[in-house]
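Written out below as structure tokens is the structure these notes cover.
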Amino acid sequence: MKLSLNPNAPDRRLLDEGRRTRAMTWIMSVMLFLTVLSGGLGLGMLAATAQLDRQLSGRLTVQIVEPDAAVRDRQARELVAALRSTAGVVRAAEVDRARLAELLKPWLGDTGLDPDLPMPAMIDVDVRGDAAVRATEEAARRIAPSARVDRHAQWLSPVRSFMATLTWLAGGLVLLMASATAAVVLLAARAGLDTHRDTIEVLHMLGSTDLQVARLFQRRIAIDTLLGGAIGAALALGLIWLLQSRFDALGSELMSGVALQQRDWFLLLLLPLSFALLATFAARVAVLRALAKTL
Amino acid sequence: MASGMANIVQFENVGLRYGTGTETLSDLSFTLTSGSFYFLTGASGAGKTSLLRLLYLAQRPSRGVVRLFGEDAGVLPRARLPGFRRRIGVVFQDFRLLPHLSAYDNIALPLRVAGIPESDIEAPVREMLAWVGLTDRGKAKPPTLSGGEQQRIAIARAVIGRPEILVADEPTGNVDPDMAERLLHLFDSLNRLGTTVVVATHDFHLLNRIPNARMMRLEKGRLHDPTGALRHPPASPA
């Protein structure tokens with residue numbers, strides 16, 4: 001039996017289309033909608049985590065807590081100069097005092113910015129590599145023993161950890177959906193075998209191989225999965241696009257990392273195809289196993 | 001029948017039991033020679049259909065040996081069954097036409113199963129439709145055909161692949177006497193082309209229509225010939 005995708009091909013008529021239900025298409029549509037959403041969440045979180053890593057892993061803040069303003073300012077200047085000549089340090093700059101006052105304004109108010117207030121000197125440092133971090137810490141200890149070095153990655157690590165958890169959760173959901181799809185296909189294939197038992201028996205008696213019969217089912221299930229998958233994936237991709245445009249409107253630096261790249265969209269588009277392949281394989285296994293029990 | 005013809009089927013002490021019940025067929029030993037015509041007779045429930053099921057590989061024997069084309073069918077691996085089945089044409093008692101396919105597609109089915117290209121299918125199917133006198137009914141679906149027409153489509157489907165053995169289970173059971181004779185004539189002409197034909201029937205009037213036919217009579221699952229009037233095929237040599 002030659003298998004054709006032409007809907008009018010003779011082999012396409014072997015299984016009675018009149019006894020076919022559309023349930024499989026709609027189930028696959030829902031499955032793929034949820035899977036693509038999960039995949040979108042996972043890829044978005046992965047991108048955001050990567051951006052967070054890029055932005056924070058090499059960023060440090062050195063605080064020089066020194067009550068004597070003259071000593072503090074001298075230490076700050078010396079440390080900035082030392083850091084600028086340190087290998088691996090990309091940028092070292094003292095935070096402008098006016099900017100610092102601006103940042104403190106919500107807590108201390110206009111009157112709180114007294115020149116006698118012992119505000120620490122803050123130095124923003126961008127480094128490349130762990131060696132540069134260690135060099136920064138050593139320089140700070142040497143020049144300003146009271147200095148404290150904060151790694152941004154450290155204080156944002158709970159956020160990063162949460163995003164990583166979401167990524168894993170999304171990946172897990174995609175796998176779970178794939179398993180559920182395979183299970184649904186197994187059940188559908190068995191039900192199909194039952195519905196078309198008479199036809200299959202006749203085909204067997206005429207000399208059909210199990211593989212020929214399996215192909216009839218796997219093609220039908222592949223088409224249902226592709227059709228349902230295309231509907232579900234299209235809806236999910238539309239929703240993701242809508243959400244992404246809402247994130248963009250927020251203007252948040254953190255949320256902008258959630259944006260999907262071209263590669264991510266391509267991966268999401270591959271999901272319906274992957275699921276169709278998975279469904280085809282599951283149908284083939286289910287039908288061949290069931291037929292192996294007959295003569 | 002010419003002597004020296006090859007044994008196409010051999011039954012040796014064959015028994016068939018469904019589940020844990022009593023044996024439906026017991027101690028069957030006979031040989032069918034290639035190119036012969038056989039009638040299998042017996043009352044309803046005698047085991048004719050069960051014997052035919054063993055012949056067309058829908059069933060394996062519970063005991064004994066069934067040899068088809070020289071090979072023990074009881075131990076044939078499943079993967080080889082389709083190849084054997086393509087050498088056997090079957091006319092089922094209930095026709096088993098696929099109701100959603102046209103008469104044309106039903107007849108073409110064995111060729112499509114065998115992987116014959118579509119371009120090579122139309123001519124033999126048209127020829128078969130003409131042979132069974134249903135040239136103008138090719139597009140009709142089985143539910144719209146009469147019993148006799150369905151029967152003829154079933155016969156055309158069984159013979160289109162030029163099987164080495166044709167097995168027909170009560171092929172004249174649903175048709176009038178004229179049509180029954182016509183169908184027998186079709187079987188006879190196929191037999192003349194070299195196909196071994198086995199026809200199960202309980203219609204004794206048909207038996208003398210094919211003068212050279214051999215006969216097997218089943219009673220309660222055993223080959224039986226109480227009067228000696230019926231011709232048994234020879235038993236297999238031990």
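Each chain in the structure tokens gets a letter, A, B and so on, in the order shown; residues start at 1 in every chain, and ligands are counted from 1 in the order they appear.
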For chain A, report every residue with an atom at most 7 Å from chain B (counting only C-alpha atoms), formatted as a ChimeraX atom specification.
-> /A:1-2,16,199,202,205-209,295
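Residue-level DSSP output for segment 49-284 of chain A, from the backbone, shows strand (DSSP E) at Arg59, Leu60, Thr61, Val62, Gln63, Ile64, Val89, Val90, Arg91, Ala92, Ala93, Glu94, Ala121, Met122, Ile123, Asp124, Val125, Asp126, Val127, Ala147, Arg148, Val149, Asp150 and Arg151 of chain A.
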Can I get the selection written as an mmCIF file, in the first residue's frame, with C-alpha atoms?
```cif
data_model
loop_
_atom_site.group_PDB
_atom_site.id
_atom_site.type_symbol
_atom_site.label_atom_id
_atom_site.label_comp_id
_atom_site.auth_asym_id
_atom_site.auth_seq_id
_atom_site.Cartn_x
_atom_site.Cartn_y
_atom_site.Cartn_z
ATOM 1 C CA ARG A 59 29.179 44.268 38.631
ATOM 2 C CA LEU A 60 30.398 45.225 42.134
ATOM 3 C CA THR A 61 29.814 48.134 44.495
ATOM 4 C CA VAL A 62 32.511 49.126 46.926
ATOM 5 C CA GLN A 63 31.317 51.033 50.002
ATOM 6 C CA ILE A 64 33.880 52.971 51.995
ATOM 7 C CA VAL A 89 38.488 45.856 35.716
ATOM 8 C CA VAL A 90 36.474 47.330 32.873
ATOM 9 C CA ARG A 91 35.178 50.372 34.672
ATOM 10 C CA ALA A 92 35.589 51.934 38.101
ATOM 11 C CA ALA A 93 33.819 55.166 39.007
ATOM 12 C CA GLU A 94 32.756 56.801 42.217
ATOM 13 C CA ALA A 121 31.585 56.663 49.426
ATOM 14 C CA MET A 122 30.265 54.314 46.747
ATOM 15 C CA ILE A 123 32.321 53.034 43.828
ATOM 16 C CA ASP A 124 30.720 51.171 40.947
ATOM 17 C CA VAL A 125 33.030 48.600 39.444
ATOM 18 C CA ASP A 126 32.516 46.465 36.331
ATOM 19 C CA VAL A 127 34.886 43.529 36.093
ATOM 20 C CA ALA A 147 35.513 49.102 52.779
ATOM 21 C CA ARG A 148 32.842 46.559 51.961
ATOM 22 C CA VAL A 149 32.603 44.928 48.528
ATOM 23 C CA ASP A 150 29.090 43.912 47.421
ATOM 24 C CA ARG A 151 28.594 41.633 44.455
#
```
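The environment of Leu186 of chain B within 9 Å, counting only C-alpha atoms and disregarding residues fewer than 4 places along the same chain, consists of Trp131, Val132, Ile155, Glu181, Arg182, Leu190 and Asn191 of chain B.
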Next, the residues of the selection above should be written as a JSON list (two decimals), in the first residue's frame with N, CA and C atoms.
```json
[["chain", "number", "residue", "atom", "x", "y", "z"],
["B", 131, "TRP", "N", -15.85, -9.69, -15.40],
["B", 131, "TRP", "CA", -15.89, -11.15, -15.21],
["B", 131, "TRP", "C", -17.08, -11.56, -14.32],
["B", 132, "VAL", "N", -17.33, -10.71, -13.29],
["B", 132, "VAL", "CA", -18.46, -11.03, -12.40],
["B", 132, "VAL", "C", -19.75, -10.32, -12.85],
["B", 155, "ILE", "N", -16.07, -12.26, -4.51],
["B", 155, "ILE", "CA", -15.34, -13.26, -5.30],
["B", 155, "ILE", "C", -14.27, -12.57, -6.16],
["B", 181, "GLU", "N", -25.35, -21.10, -9.62],
["B", 181, "GLU", "CA", -24.70, -21.85, -10.70],
["B", 181, "GLU", "C", -23.67, -20.97, -11.43],
["B", 182, "ARG", "N", -24.04, -19.73, -11.60],
["B", 182, "ARG", "CA", -23.13, -18.79, -12.28],
["B", 182, "ARG", "C", -21.83, -18.61, -11.48],
["B", 190, "LEU", "N", -11.89, -20.39, -12.88],
["B", 190, "LEU", "CA", -10.65, -20.04, -12.17],
["B", 190, "LEU", "C", -9.81, -21.30, -11.94],
["B", 191, "ASN", "N", -10.50, -22.39, -11.57],
["B", 191, "ASN", "CA", -9.80, -23.66, -11.33],
["B", 191, "ASN", "C", -9.11, -24.13, -12.61]]
```
